[in-house]
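Here is the structure we will look at.
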Amino acid sequence: MTLPDLANGVFELGMSYPLYKCVMKLRLDKEVKGFYWPTVAWTTAWGLWNLYYYPHLDQWLSFTGGLVVVAVNLIWLGHVWYYARNPK
């Protein structure tokens, strides 16, 4: 593990908690308001790219953090899709 991998991995893993809080807030509110979903869709696509890219750089902590971020983003997008179609 290199210092850049450690730093990037910490940022990736650190981002997963605020994203998780967004999912939980959406579950609590059960409605989508004031939110531009393409932003999360784009960052999820970027995260999927990173899952391909990080192993080529031999950055496994970044890969692990990226995996968690992509998983939470996909869960969030699923919730957005569900609550947008089934409002309170």
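In the structure tokens, chains take the letters A, B, ... in the order shown, each chain's residues start at 1, and ligands count up from 1 in the order shown.
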Skipping near chain neighbours, those fewer than 6 positions away, what residues fall within 12 Å of A:Met24 using only C-alpha atoms, listed as a PDB file with N, CA, C and O atoms, in the first residue's frame?
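Saved file selection.pdb follows:
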```pdb
ATOM      1  N   TYR A  17     -20.005   7.048   4.684  1.00  0.00           N
ATOM      2  CA  TYR A  17     -20.882   7.354   5.815  1.00  0.00           C
ATOM      3  C   TYR A  17     -21.878   8.472   5.484  1.00  0.00           C
ATOM      4  O   TYR A  17     -23.082   8.303   5.722  1.00  0.00           O
ATOM      5  N   PRO A  18     -21.436   9.619   4.942  1.00  0.00           N
ATOM      6  CA  PRO A  18     -22.436  10.633   4.569  1.00  0.00           C
ATOM      7  C   PRO A  18     -23.437  10.116   3.529  1.00  0.00           C
ATOM      8  O   PRO A  18     -24.621  10.461   3.574  1.00  0.00           O
ATOM      9  N   LYS A  30     -39.309   9.496   2.837  1.00  0.00           N
ATOM     10  CA  LYS A  30     -40.104   8.761   1.847  1.00  0.00           C
ATOM     11  C   LYS A  30     -40.578   9.637   0.683  1.00  0.00           C
ATOM     12  O   LYS A  30     -41.640   9.430   0.122  1.00  0.00           O
ATOM     13  N   GLU A  31     -39.767  10.648   0.357  1.00  0.00           N
ATOM     14  CA  GLU A  31     -40.070  11.456  -0.814  1.00  0.00           C
ATOM     15  C   GLU A  31     -38.781  12.093  -1.347  1.00  0.00           C
ATOM     16  O   GLU A  31     -37.832  12.302  -0.598  1.00  0.00           O
ATOM     17  N   VAL A  72     -23.360   1.918  -1.857  1.00  0.00           N
ATOM     18  CA  VAL A  72     -24.293   2.843  -1.201  1.00  0.00           C
ATOM     19  C   VAL A  72     -24.968   3.740  -2.237  1.00  0.00           C
ATOM     20  O   VAL A  72     -26.175   3.993  -2.148  1.00  0.00           O
ATOM     21  N   ILE A  75     -27.728   1.787  -3.843  1.00  0.00           N
ATOM     22  CA  ILE A  75     -28.861   1.680  -2.915  1.00  0.00           C
ATOM     23  C   ILE A  75     -29.635   2.996  -2.895  1.00  0.00           C
ATOM     24  O   ILE A  75     -30.868   3.016  -2.935  1.00  0.00           O
ATOM     25  N   TRP A  76     -28.908   4.112  -2.851  1.00  0.00           N
ATOM     26  CA  TRP A  76     -29.547   5.426  -2.848  1.00  0.00           C
ATOM     27  C   TRP A  76     -30.365   5.640  -4.120  1.00  0.00           C
ATOM     28  O   TRP A  76     -31.516   6.068  -4.066  1.00  0.00           O
ATOM     29  N   HIS A  79     -33.543   3.737  -3.979  1.00  0.00           N
ATOM     30  CA  HIS A  79     -34.522   4.411  -3.129  1.00  0.00           C
ATOM     31  C   HIS A  79     -35.139   5.618  -3.846  1.00  0.00           C
ATOM     32  O   HIS A  79     -36.346   5.840  -3.762  1.00  0.00           O
ATOM     33  N   VAL A  80     -34.310   6.392  -4.531  1.00  0.00           N
ATOM     34  CA  VAL A  80     -34.821   7.545  -5.283  1.00  0.00           C
ATOM     35  C   VAL A  80     -35.824   7.067  -6.322  1.00  0.00           C
ATOM     36  O   VAL A  80     -36.917   7.636  -6.464  1.00  0.00           O
TER      37      VAL A  80
END
```
Neighbour list for stretch 50-52 of chain A as a VMD selection string, cut-off 9 Å, only C-alpha atoms, skip fewer than 4 positions in-chain: chain A and resid 45 to 46 56 62 to 64 66 to 67 70
Selection above as a file: all heavy atoms, as a JSON list (two decimals), in the first residue's frame:
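Dumped everything to part_14.json:
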```json
[["chain", "number", "residue", "atom", "x", "y", "z"],
["A", 45, "ALA", "N", -21.44, 6.11, -11.81],
["A", 45, "ALA", "CA", -20.74, 5.65, -13.02],
["A", 45, "ALA", "C", -19.23, 5.85, -12.87],
["A", 45, "ALA", "O", -18.44, 4.99, -13.25],
["A", 45, "ALA", "CB", -21.26, 6.41, -14.24],
["A", 46, "TRP", "N", -18.84, 6.98, -12.30],
["A", 46, "TRP", "CA", -17.42, 7.24, -12.04],
["A", 46, "TRP", "C", -16.87, 6.21, -11.06],
["A", 46, "TRP", "O", -15.77, 5.67, -11.24],
["A", 46, "TRP", "CB", -17.27, 8.65, -11.50],
["A", 46, "TRP", "CG", -15.89, 9.08, -11.12],
["A", 46, "TRP", "CD1", -14.70, 8.62, -11.62],
["A", 46, "TRP", "CD2", -15.54, 10.06, -10.15],
["A", 46, "TRP", "NE1", -13.64, 9.27, -11.01],
["A", 46, "TRP", "CE2", -14.15, 10.16, -10.11],
["A", 46, "TRP", "CE3", -16.29, 10.89, -9.32],
["A", 46, "TRP", "CZ2", -13.49, 11.04, -9.27],
["A", 46, "TRP", "CZ3", -15.62, 11.76, -8.50],
["A", 46, "TRP", "CH2", -14.24, 11.82, -8.47],
["A", 56, "HIS", "N", -5.73, -1.64, -11.55],
["A", 56, "HIS", "CA", -4.62, -1.44, -12.50],
["A", 56, "HIS", "C", -3.52, -0.57, -11.92],
["A", 56, "HIS", "O", -2.38, -0.63, -12.38],
["A", 56, "HIS", "CB", -5.14, -0.83, -13.81],
["A", 56, "HIS", "CG", -5.96, -1.79, -14.61],
["A", 56, "HIS", "ND1", -5.41, -2.81, -15.34],
["A", 56, "HIS", "CD2", -7.29, -1.91, -14.75],
["A", 56, "HIS", "CE1", -6.36, -3.51, -15.91],
["A", 56, "HIS", "NE2", -7.52, -2.98, -15.58],
["A", 62, "SER", "N", -8.08, 1.90, -2.06],
["A", 62, "SER", "CA", -8.96, 2.75, -2.85],
["A", 62, "SER", "C", -10.06, 1.92, -3.48],
["A", 62, "SER", "O", -11.23, 2.33, -3.52],
["A", 62, "SER", "CB", -8.18, 3.47, -3.94],
["A", 62, "SER", "OG", -7.22, 4.35, -3.39],
["A", 63, "PHE", "N", -9.72, 0.76, -3.98],
["A", 63, "PHE", "CA", -10.71, -0.15, -4.57],
["A", 63, "PHE", "C", -11.78, -0.53, -3.55],
["A", 63, "PHE", "O", -12.97, -0.48, -3.83],
["A", 63, "PHE", "CB", -10.03, -1.40, -5.12],
["A", 63, "PHE", "CG", -11.00, -2.43, -5.63],
["A", 63, "PHE", "CD1", -11.54, -2.32, -6.90],
["A", 63, "PHE", "CD2", -11.37, -3.51, -4.84],
["A", 63, "PHE", "CE1", -12.44, -3.26, -7.37],
["A", 63, "PHE", "CE2", -12.25, -4.46, -5.29],
["A", 63, "PHE", "CZ", -12.80, -4.34, -6.57],
["A", 64, "THR", "N", -11.34, -0.87, -2.34],
["A", 64, "THR", "CA", -12.28, -1.27, -1.28],
["A", 64, "THR", "C", -13.20, -0.11, -0.93],
["A", 64, "THR", "O", -14.42, -0.30, -0.83],
["A", 64, "THR", "CB", -11.51, -1.75, -0.04],
["A", 64, "THR", "OG1", -10.66, -2.83, -0.42],
["A", 64, "THR", "CG2", -12.44, -2.18, 1.06],
["A", 66, "GLY", "N", -13.93, 2.42, -2.81],
["A", 66, "GLY", "CA", -14.77, 2.66, -3.98],
["A", 66, "GLY", "C", -15.91, 1.68, -4.08],
["A", 66, "GLY", "O", -17.02, 2.03, -4.48],
["A", 67, "LEU", "N", -15.66, 0.45, -3.71],
["A", 67, "LEU", "CA", -16.69, -0.58, -3.72],
["A", 67, "LEU", "C", -17.82, -0.22, -2.77],
["A", 67, "LEU", "O", -19.01, -0.34, -3.12],
["A", 67, "LEU", "CB", -16.07, -1.93, -3.34],
["A", 67, "LEU", "CG", -16.90, -3.17, -3.55],
["A", 67, "LEU", "CD1", -17.23, -3.37, -5.01],
["A", 67, "LEU", "CD2", -16.13, -4.38, -3.03],
["A", 70, "VAL", "N", -19.80, 2.85, -4.22],
["A", 70, "VAL", "CA", -20.66, 2.45, -5.33],
["A", 70, "VAL", "C", -21.88, 1.69, -4.81],
["A", 70, "VAL", "O", -23.01, 1.92, -5.25],
["A", 70, "VAL", "CB", -19.89, 1.61, -6.38],
["A", 70, "VAL", "CG1", -20.83, 0.91, -7.34],
["A", 70, "VAL", "CG2", -18.93, 2.50, -7.15]]
```
Can you check which residues of stretch 12-87 of chain A DSSP gives as helix (DSSP H, G or I) on the backbone and send them as number ranges by chain? A: 12-29, 37-56, 60-85
Considering only C-alpha atoms, state which residue in the set A:Val69, A:Tyr82, A:Asp58, A:Pro87 is at the smallest distance from A:Thr2.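 Using only C-alpha atoms, the shortest distance to A:Thr2 belongs to A:Asp58.
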Counting only C-alpha atoms, closest pick from A:Leu6, A:Glu12, A:Met1, A:Arg85 relative to A:Gly65 is A:Glu12
Work out how far apart atom CA of A:Val68 and atom CA of A:Asp5 are and give it in Å to one decimal.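 Between atom CA of A:Val68 and atom CA of A:Asp5 the gap is 15.5 Å.
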Compare A:Leu3, A:Leu13, A:Leu77, A:Val40 by their minimum atom-to-atom distance to A:Leu26, counting only C-alpha atoms, and give me the closest one.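 Checking each of A:Leu3, A:Leu13, A:Leu77, A:Val40 against A:Leu26, counting only C-alpha atoms, the winner is A:Leu77.
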Rank A:Pro4, A:Gly9, A:Gly78, A:Pro38 by their smallest atom-to-atom distance to A:Val23, using only C-alpha atoms, and report the top residue only.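 Among the listed residues, the smallest separation from A:Val23 belongs to A:Gly78.
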Out of A:Ala84, A:Leu74, A:Leu61, A:Ala41, which residue has the shortest atom-to-atom distance to A:Val10 when counting only C-alpha atoms?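 Closest residue, counting only C-alpha atoms: A:Leu61.
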